[in-house]
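Peer 1: Below is coords-v4.cif; it holds mmCIF, C-alpha atoms.
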```
data_query
loop_
_atom_site.label_atom_id
_atom_site.label_comp_id
_atom_site.auth_asym_id
_atom_site.auth_seq_id
_atom_site.Cartn_x
_atom_site.Cartn_y
_atom_site.Cartn_z
CA MET A 238 125.16 -53.43 362.78
CA LYS A 239 123.76 -49.99 362.13
CA ALA A 240 125.08 -48.50 358.94
CA LYS A 241 125.00 -44.87 357.97
CA VAL A 242 125.93 -43.56 354.53
CA HIS A 243 126.35 -39.86 353.81
CA VAL A 244 126.19 -38.75 350.18
CA PHE A 245 127.01 -35.21 349.09
CA LEU A 246 127.69 -33.49 345.79
CA LYS A 247 131.43 -33.10 345.37
CA PRO A 248 133.02 -29.73 346.08
CA GLY A 249 132.89 -27.72 342.87
CA VAL A 250 129.68 -29.37 341.65
CA LEU A 251 126.88 -26.82 341.76
CA ASP A 252 124.46 -27.63 344.58
CA VAL A 253 121.38 -25.64 343.65
CA GLN A 254 119.39 -26.92 346.61
CA GLY A 255 122.15 -25.74 348.93
CA LYS A 256 122.11 -22.34 347.25
CA ALA A 257 118.34 -22.06 347.65
CA VAL A 258 118.50 -23.00 351.33
CA GLU A 259 121.33 -20.55 351.87
CA GLY A 260 119.28 -17.79 350.26
CA ALA A 261 116.36 -18.62 352.54
CA LEU A 262 118.56 -18.52 355.64
CA HIS A 263 119.97 -15.16 354.58
CA GLY A 264 116.41 -13.96 354.08
CA LEU A 265 115.66 -14.89 357.68
CA GLY A 266 118.59 -12.83 358.90
CA TRP A 267 121.28 -15.48 359.31
CA ASP A 268 123.83 -13.54 357.31
CA GLY A 269 126.75 -15.53 358.67
CA VAL A 270 125.70 -18.66 356.74
CA SER A 271 127.71 -19.65 353.71
CA ASN A 272 128.55 -22.72 351.62
CA VAL A 273 125.35 -24.64 352.40
CA ARG A 274 125.41 -28.15 350.90
CA VAL A 275 122.36 -30.41 350.91
CA GLY A 276 123.08 -34.11 350.92
CA LYS A 277 121.48 -37.41 351.81
CA VAL A 278 121.86 -39.75 354.74
CA LEU A 279 120.87 -43.39 354.38
CA GLU A 280 120.50 -45.53 357.49
CA PHE A 281 120.01 -49.25 357.59
CA ASP A 282 120.77 -52.47 359.43
CA LEU A 283 123.54 -54.58 357.98
CA LYS A 284 124.66 -58.10 358.79
CA ALA A 285 128.42 -58.28 358.85
CA ALA A 286 131.10 -60.17 360.76
CA SER A 287 133.15 -57.10 361.57
CA GLU A 288 133.22 -53.34 361.18
CA ASP A 289 135.86 -53.63 358.50
CA GLU A 290 133.79 -56.09 356.51
CA ALA A 291 130.75 -53.82 356.88
CA LYS A 292 132.70 -50.82 355.62
CA THR A 293 133.97 -52.76 352.62
CA GLU A 294 130.41 -53.77 351.78
CA LEU A 295 129.14 -50.22 352.24
CA LYS A 296 131.79 -48.82 349.94
CA ALA A 297 130.83 -51.37 347.29
CA MET A 298 127.17 -50.35 347.68
CA CYS A 299 128.10 -46.69 347.26
CA ASP A 300 130.17 -47.30 344.15
CA LYS A 301 127.48 -49.49 342.62
CA LEU A 302 124.29 -47.66 343.53
CA LEU A 303 124.11 -45.29 346.48
CA ALA A 304 126.37 -42.58 345.04
CA ASN A 305 127.24 -41.46 341.53
CA THR A 306 130.93 -40.83 341.90
CA VAL A 307 130.94 -38.64 338.81
CA ILE A 308 129.21 -35.96 340.88
CA GLU A 309 129.00 -37.24 344.46
CA SER A 310 131.30 -38.26 347.26
CA TYR A 311 130.30 -40.44 350.20
CA LYS A 312 131.24 -41.31 353.74
CA VAL A 313 130.30 -44.52 355.53
CA GLU A 314 129.84 -45.15 359.25
CA VAL A 315 129.08 -48.30 361.21
CA ALA A 316 128.10 -48.61 364.84
CA MET B 26 114.09 -50.95 311.01
CA LYS B 27 113.61 -53.18 314.01
CA ALA B 28 113.53 -51.31 317.30
CA ALA B 29 112.91 -51.98 320.97
CA VAL B 30 111.63 -49.41 323.43
CA LEU B 31 112.45 -50.16 327.05
CA VAL B 32 109.73 -49.73 329.65
CA PHE B 33 110.58 -49.02 333.28
CA PRO B 34 108.14 -48.42 336.10
CA GLY B 35 107.58 -44.68 335.69
CA SER B 36 108.46 -44.40 332.00
CA ASN B 37 105.98 -42.06 330.36
CA CYS B 38 107.36 -41.45 326.86
CA ASP B 39 107.63 -45.10 325.88
CA ARG B 40 104.56 -44.97 323.66
CA ASP B 41 105.67 -41.64 322.16
CA CYS B 42 108.96 -43.28 321.16
CA LYS B 43 107.16 -46.28 319.65
CA THR B 44 104.86 -43.99 317.65
CA ALA B 45 107.78 -41.84 316.53
CA VAL B 46 109.68 -44.82 315.09
CA GLU B 47 106.55 -46.27 313.49
CA THR B 48 105.34 -42.98 312.02
CA THR B 49 108.63 -41.60 310.73
CA VAL B 50 110.24 -44.68 309.22
CA GLY B 51 107.64 -47.45 309.47
CA GLY B 52 109.83 -49.40 311.88
CA SER B 53 108.59 -52.41 313.82
CA VAL B 54 108.80 -51.71 317.52
CA GLU B 55 108.69 -54.06 320.47
CA MET B 56 108.17 -52.82 323.99
CA VAL B 57 110.55 -54.51 326.44
CA TRP B 58 109.87 -54.56 330.19
CA HIS B 59 112.86 -53.67 332.35
CA GLN B 60 112.90 -57.04 334.12
CA GLU B 61 113.68 -58.87 330.88
CA SER B 62 117.24 -60.08 330.74
CA THR B 63 117.28 -60.53 326.97
CA LEU B 64 116.34 -58.30 324.06
CA PRO B 65 114.69 -59.39 320.80
CA ALA B 66 117.20 -60.66 318.23
CA GLY B 67 118.32 -58.53 315.31
CA LEU B 68 117.63 -55.09 316.75
CA ASP B 69 118.75 -51.99 314.86
CA LEU B 70 117.80 -49.54 317.57
CA ILE B 71 117.16 -49.55 321.30
CA VAL B 72 115.32 -46.55 322.69
CA VAL B 73 115.59 -45.69 326.37
CA PRO B 74 112.57 -43.43 326.83
CA GLY B 75 111.81 -40.45 329.00
CA GLY B 76 109.82 -40.44 332.18
CA PHE B 77 110.49 -40.80 335.87
CA SER B 78 111.79 -44.34 336.26
CA TYR B 79 111.56 -45.48 339.88
CA GLY B 80 110.07 -42.10 340.74
CA ASP B 81 113.49 -40.49 340.30
CA TYR B 82 114.28 -41.90 343.75
CA LEU B 83 117.89 -41.76 344.93
CA ARG B 84 119.02 -40.13 341.65
CA CYS B 85 117.32 -39.85 338.29
CA GLY B 86 117.98 -43.05 336.36
CA ALA B 87 120.08 -44.66 339.10
CA MET B 88 117.97 -47.70 339.79
CA ALA B 89 116.82 -48.14 336.19
CA SER B 90 120.46 -48.28 335.11
CA LEU B 91 120.83 -51.46 337.18
CA SER B 92 117.73 -53.19 335.80
CA PRO B 93 118.26 -56.62 334.22
CA VAL B 94 117.47 -55.25 330.76
CA MET B 95 120.31 -52.74 330.98
CA ALA B 96 122.88 -55.54 331.07
CA ALA B 97 121.44 -56.69 327.74
CA VAL B 98 121.51 -53.12 326.42
CA ARG B 99 125.16 -52.83 327.37
CA ALA B 100 125.97 -56.03 325.48
CA GLU B 101 124.08 -54.84 322.38
CA ALA B 102 125.75 -51.43 322.58
CA GLU B 103 129.15 -53.12 322.66
CA ARG B 104 128.16 -54.99 319.49
CA GLY B 105 127.46 -51.64 317.82
CA VAL B 106 123.66 -51.55 317.95
CA SER B 107 122.29 -48.00 318.05
CA VAL B 108 121.04 -46.84 321.43
CA LEU B 109 119.06 -43.61 321.83
CA GLY B 110 118.38 -42.28 325.33
CA ILE B 111 115.96 -39.41 325.62
CA CYS B 112 115.52 -37.31 328.77
CA ASN B 113 115.29 -39.86 331.59
CA GLY B 114 116.82 -42.25 329.06
CA PHE B 115 119.86 -39.95 328.84
CA GLN B 116 120.10 -39.94 332.63
CA ILE B 117 119.90 -43.74 332.65
CA LEU B 118 122.67 -44.05 330.04
CA CYS B 119 124.92 -41.72 332.05
CA GLU B 120 124.19 -43.63 335.26
CA SER B 121 124.99 -46.90 333.51
CA GLY B 122 128.32 -45.57 332.31
CA LEU B 123 127.41 -45.97 328.63
CA LEU B 124 127.79 -42.20 328.32
CA PRO B 125 130.14 -39.90 330.23
CA GLY B 126 129.00 -37.23 332.67
CA ALA B 127 125.85 -36.86 334.75
CA LEU B 128 122.69 -34.78 334.87
CA LEU B 129 122.27 -32.43 337.82
CA ARG B 130 119.28 -30.48 339.09
CA ASN B 131 118.48 -27.55 336.80
CA ALA B 132 120.53 -24.52 337.80
CA LYS B 133 117.47 -22.38 338.48
CA LEU B 134 115.68 -25.21 340.28
CA LYS B 135 112.81 -24.96 337.82
CA TYR B 136 111.26 -27.78 335.90
CA VAL B 137 111.72 -26.64 332.29
CA CYS B 138 108.88 -27.59 329.97
CA LYS B 139 108.86 -25.75 326.64
CA PRO B 140 109.84 -25.88 322.98
CA ILE B 141 113.55 -25.46 322.69
CA GLU B 142 115.98 -24.59 319.89
CA LEU B 143 119.16 -26.60 319.41
CA THR B 144 122.17 -26.27 317.19
CA ILE B 145 123.39 -29.44 315.53
CA GLU B 146 127.05 -29.66 316.45
CA ASN B 147 127.88 -32.94 314.79
CA ARG B 148 125.98 -33.96 311.67
CA LYS B 149 128.30 -36.82 310.82
CA THR B 150 126.73 -39.25 313.27
CA ARG B 151 124.37 -42.06 312.35
CA PHE B 152 121.69 -40.12 314.27
CA THR B 153 122.09 -36.78 312.51
CA SER B 154 123.21 -37.37 308.91
CA ALA B 155 119.75 -36.61 307.49
CA TYR B 156 119.79 -33.05 308.86
CA GLY B 157 121.91 -31.99 305.89
CA ASN B 158 122.83 -28.35 306.22
CA GLN B 159 120.06 -27.53 308.68
CA GLN B 160 121.73 -25.49 311.39
CA THR B 161 119.17 -25.50 314.18
CA VAL B 162 116.21 -27.65 315.16
CA TRP B 163 113.20 -27.21 317.41
CA MET B 164 112.23 -29.92 319.85
CA THR B 165 110.63 -29.81 323.27
CA GLN B 166 112.20 -30.09 326.67
CA GLY B 167 110.60 -31.37 329.88
CA ASN B 168 112.86 -32.03 332.82
CA GLY B 169 113.94 -30.96 336.28
CA ASP B 170 117.37 -32.58 336.16
CA GLY B 171 118.73 -31.70 332.75
CA ASN B 172 121.84 -29.84 333.80
CA PHE B 173 124.63 -31.76 332.11
CA PHE B 174 127.84 -31.93 334.10
CA ALA B 175 131.22 -33.50 333.51
CA ASP B 176 134.52 -32.77 335.19
CA ALA B 177 137.05 -30.67 333.27
CA ASP B 178 139.04 -33.58 331.84
CA THR B 179 135.96 -35.50 330.75
CA LEU B 180 134.47 -32.37 329.23
CA LYS B 181 137.63 -31.67 327.27
CA ALA B 182 137.62 -35.23 325.94
CA ILE B 183 133.94 -34.95 324.95
CA GLU B 184 134.63 -31.71 323.08
CA ASP B 185 137.89 -32.88 321.50
CA ASN B 186 136.25 -36.05 320.18
CA ASP B 187 133.29 -34.16 318.67
CA GLN B 188 130.96 -36.04 321.01
CA VAL B 189 128.68 -33.04 321.52
CA VAL B 190 125.81 -33.57 319.07
CA PHE B 191 123.33 -30.90 320.20
CA ARG B 192 123.75 -27.61 322.05
CA TYR B 193 121.08 -25.28 323.41
CA VAL B 194 120.76 -21.94 321.63
CA GLU B 195 119.53 -20.54 324.96
CA ASN B 196 120.69 -22.68 327.83
CA PRO B 197 117.61 -23.48 329.97
CA ASN B 198 119.19 -25.46 332.78
CA GLY B 199 122.83 -24.54 333.34
CA SER B 200 124.29 -27.40 331.30
CA VAL B 201 128.03 -27.07 330.96
CA ASN B 202 129.03 -25.75 327.50
CA ASP B 203 125.28 -25.56 326.66
CA ILE B 204 125.33 -29.31 326.03
CA ALA B 205 121.94 -30.83 325.19
CA GLY B 206 123.04 -34.17 323.77
CA ILE B 207 126.19 -36.25 323.48
CA ILE B 208 127.29 -39.43 321.74
CA ASN B 209 129.73 -42.10 322.92
CA LYS B 210 133.16 -42.42 321.39
CA ALA B 211 132.13 -45.36 319.23
CA GLY B 212 129.30 -43.27 317.77
CA ASN B 213 126.41 -45.66 318.43
CA VAL B 214 125.01 -44.45 321.78
CA LEU B 215 123.35 -41.02 321.88
CA GLY B 216 121.80 -39.35 324.90
CA MET B 217 119.86 -36.09 324.81
CA MET B 218 117.55 -34.14 327.11
CA PRO B 219 115.23 -32.67 324.41
CA HIS B 220 112.57 -34.92 322.93
CA PRO B 221 112.69 -35.89 319.24
CA ASP B 222 109.82 -38.23 320.16
CA ARG B 223 107.65 -35.18 320.86
CA ALA B 224 108.62 -33.40 317.64
CA PHE B 225 108.30 -35.75 314.70
CA GLU B 226 105.37 -34.32 312.75
CA PRO B 227 104.02 -30.80 312.16
CA ALA B 228 100.90 -31.48 314.25
CA LEU B 229 103.20 -31.71 317.28
CA GLY B 230 104.55 -28.22 316.63
CA SER B 231 107.77 -29.41 315.01
CA ALA B 232 108.87 -32.26 312.80
CA ASP B 233 112.55 -31.67 313.48
CA GLY B 234 112.87 -34.93 315.39
CA ALA B 235 111.99 -37.00 312.34
CA PRO B 236 115.34 -36.72 310.50
CA MET B 237 116.95 -38.46 313.45
CA PHE B 238 115.03 -41.63 312.65
CA HIS B 239 115.58 -41.18 308.91
CA SER B 240 119.31 -40.87 309.63
CA LEU B 241 119.29 -44.19 311.46
CA VAL B 242 117.53 -45.92 308.56
CA ALA B 243 119.99 -44.39 306.07
CA ALA B 244 122.87 -45.69 308.20
CA LEU B 245 121.42 -49.21 308.01
CA GLN B 246 121.24 -49.03 304.23
CA VAL B 247 124.86 -48.00 304.00
CA ALA B 248 125.95 -50.73 306.39
#
```
The structure given in the file should be rewritten as structure tokens.

Peer 2:
Amino acid sequence: MKAKVHVFLKPGVLDVQGKAVEGALHGLGWDGVSNVRVGKVLEFDLKAASEDEAKTELKAMCDKLLANTVIESYKVEVA
Amino acid sequence: MKAAVLVFPGSNCDRDCKTAVETTVGGSVEMVWHQESTLPAGLDLIVVPGGFSYGDYLRCGAMASLSPVMAAVRAEAERGVSVLGICNGFQILCESGLLPGALLRNAKLKYVCKPIELTIENRKTRFTSAYGNQQTVWMTQGNGDGNFFADADTLKAIEDNDQVVFRYVENPNGSVNDIAGIINKAGNVLGMMPHPDRAFEPALGSADGAPMFHSLVAALQVA
């Protein structure tokens, strides 16, 4: 299975990278841009019997390592 | 004093920490590689040093916090052994859950590398008793992710329990409540972004880090 994990800083946690990118986009004339958030996407192959099992495993991986839930939230996808 | 300094791939202040403990209080210091699953017996202090463990990949301190040696550190911390995390060591302790909160990217996106003045907020800890009435100290700071963050409830608990040990006089990185260093509730695990290990004798520009190690020795004598 192909797994995809999205990790972003939680709403309300200052995302300085997002702010910097937003400033750069404004500088280039895209004034309509706001609330830029920069996150991470991790992609990998995962052996699992079912999509549900894969998602359970992915959530465990996020809680243990891939995300710091003090500051980040995550979303998992399998295909 | 018997101390261990942990060494991760990418640690770069491990030898500074060893020298600091040896020079200030004549402690005996063993270096312990992160793949070790046990620590030397009879430790009084475990230092988690600064650096860029695992290249700061994923998040600063994330992978180091899951090293085999950290399970041993957790067990020793639960027994009451003193644990001092400096800079990347602070990040590792937060990632491991031994300290609350997390360290974010500096608010101005700049790596901050300079001498820095701190107020001592709690001088009743085993790490700070030797500061006496000294109000502020100078140490040095060197980090890109030193912006301490905790959610409102956690922050309130940290403040209410007097867990803030050091605050910045001039906040260099956006840390919430100007927090530079915190201690756990039990009072034996301290994490801080500034470096006492780079400020323990006048030749380094400041000796204000030295009382921290003297405090720890004094605490042992009382115990």

Peer 1: To one decimal in Å, tell me the separation between CA of Val73 in chain B and CA of Leu31 in chain B.

Peer 2: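 Calculated distance between CA of Val73 in chain B and CA of Leu31 in chain B is 5.5 Å.
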
Peer 1: Using all atoms listed in the file, I'd like every residue of chain B that has an atom within 7 Å of chain A; please write them out as a list in words.

Peer 2: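 Every residue of chain B that passes the 7 Å test is in Ala87, Gly126, Ala127, Arg130, Ala132 and Leu134 of chain B.
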
Peer 1: Using C-alpha atoms, can you export the residues from the last selection as a JSON list (two decimals), keeping the file's coordinate frame?

Peer 2:
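Generated file (again00.json):
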```
[["chain", "number", "residue", "atom", "x", "y", "z"],
["B", 87, "ALA", "CA", 120.08, -44.66, 339.10],
["B", 126, "GLY", "CA", 129.00, -37.23, 332.67],
["B", 127, "ALA", "CA", 125.85, -36.86, 334.75],
["B", 130, "ARG", "CA", 119.28, -30.48, 339.09],
["B", 132, "ALA", "CA", 120.53, -24.52, 337.80],
["B", 134, "LEU", "CA", 115.68, -25.21, 340.28]]
```

Peer 1: Tell me which of A:Asp282, A:Pro248, A:Gly255, A:Glu314 sits closest to Val270 in chain A, counting only C-alpha atoms.

Peer 2: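 Looking only at the distances to Val270 in chain A, the closest residue turns out to be A:Gly255.
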
Peer 1: Hey, what comes out of the PyMOL selection byres ((chain B and resi 225) around 12) on this file? Could you write it as number ranges by chain?

Peer 2: B: 41-50, 162-165, 220-224, 226-239

Peer 1: Just C-alpha atoms for this one: save the residues we selected as a compact mmCIF listing (two decimals), keeping the file's coordinate frame.

Peer 2:
```
# COMPACT_ATOMS: atom_id res chain seq x y z
CA ASP B 41 105.67 -41.64 322.16
CA CYS B 42 108.96 -43.28 321.16
CA LYS B 43 107.16 -46.28 319.65
CA THR B 44 104.86 -43.99 317.65
CA ALA B 45 107.78 -41.84 316.53
CA VAL B 46 109.68 -44.82 315.09
CA GLU B 47 106.55 -46.27 313.49
CA THR B 48 105.34 -42.98 312.02
CA THR B 49 108.63 -41.60 310.73
CA VAL B 50 110.24 -44.68 309.22
CA VAL B 162 116.21 -27.65 315.16
CA TRP B 163 113.20 -27.21 317.41
CA MET B 164 112.23 -29.92 319.85
CA THR B 165 110.63 -29.81 323.27
CA HIS B 220 112.57 -34.92 322.93
CA PRO B 221 112.69 -35.89 319.24
CA ASP B 222 109.82 -38.23 320.16
CA ARG B 223 107.65 -35.18 320.86
CA ALA B 224 108.62 -33.40 317.64
CA GLU B 226 105.37 -34.32 312.75
CA PRO B 227 104.02 -30.80 312.16
CA ALA B 228 100.90 -31.48 314.25
CA LEU B 229 103.20 -31.71 317.28
CA GLY B 230 104.55 -28.22 316.63
CA SER B 231 107.77 -29.41 315.01
CA ALA B 232 108.87 -32.26 312.80
CA ASP B 233 112.55 -31.67 313.48
CA GLY B 234 112.87 -34.93 315.39
CA ALA B 235 111.99 -37.00 312.34
CA PRO B 236 115.34 -36.72 310.50
CA MET B 237 116.95 -38.46 313.45
CA PHE B 238 115.03 -41.63 312.65
CA HIS B 239 115.58 -41.18 308.91
```

Peer 1: With a distance cut-off of 10 Å and all atoms listed in the file, select the neighbouring residues of Leu295 in chain A, excluding the residue or stretch itself and same-chain residues fewer than 5 positions from it, and output the selection as a PyMOL selection string.

Peer 2: chain A and resi 240-242+283+289-290+300-301+303+312-315

Peer 1: Quick one: axis-aligned box around all listed atoms of range 176-181 of chain B, 5 Å on every side, centre and edge lengths in Å to one decimal, written as lines of an AutoDock Vina configuration file.

Peer 2:
```
center_x = 136.8
center_y = -33.1
center_z = 331.2
size_x = 14.6
size_y = 14.8
size_z = 17.9
```

Peer 1: Pick out the residues sitting within 6 Å of range 111-114 of chain B, and hand them over as an mmCIF file with C-alpha atoms, in the coordinates of the input; count all atoms listed in the file, and ignore anything fewer than 6 positions along from it in its own chain.

Peer 2:
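Final output, saved to around-v8.cif:
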```cif
data_model
loop_
_atom_site.group_PDB
_atom_site.id
_atom_site.type_symbol
_atom_site.label_atom_id
_atom_site.label_comp_id
_atom_site.auth_asym_id
_atom_site.auth_seq_id
_atom_site.Cartn_x
_atom_site.Cartn_y
_atom_site.Cartn_z
ATOM 1 C CA VAL B 73 115.590 -45.690 326.370
ATOM 2 C CA PRO B 74 112.570 -43.430 326.830
ATOM 3 C CA GLY B 75 111.810 -40.450 329.000
ATOM 4 C CA GLY B 76 109.820 -40.440 332.180
ATOM 5 C CA GLY B 216 121.800 -39.350 324.900
ATOM 6 C CA MET B 217 119.860 -36.090 324.810
ATOM 7 C CA MET B 218 117.550 -34.140 327.110
#
```
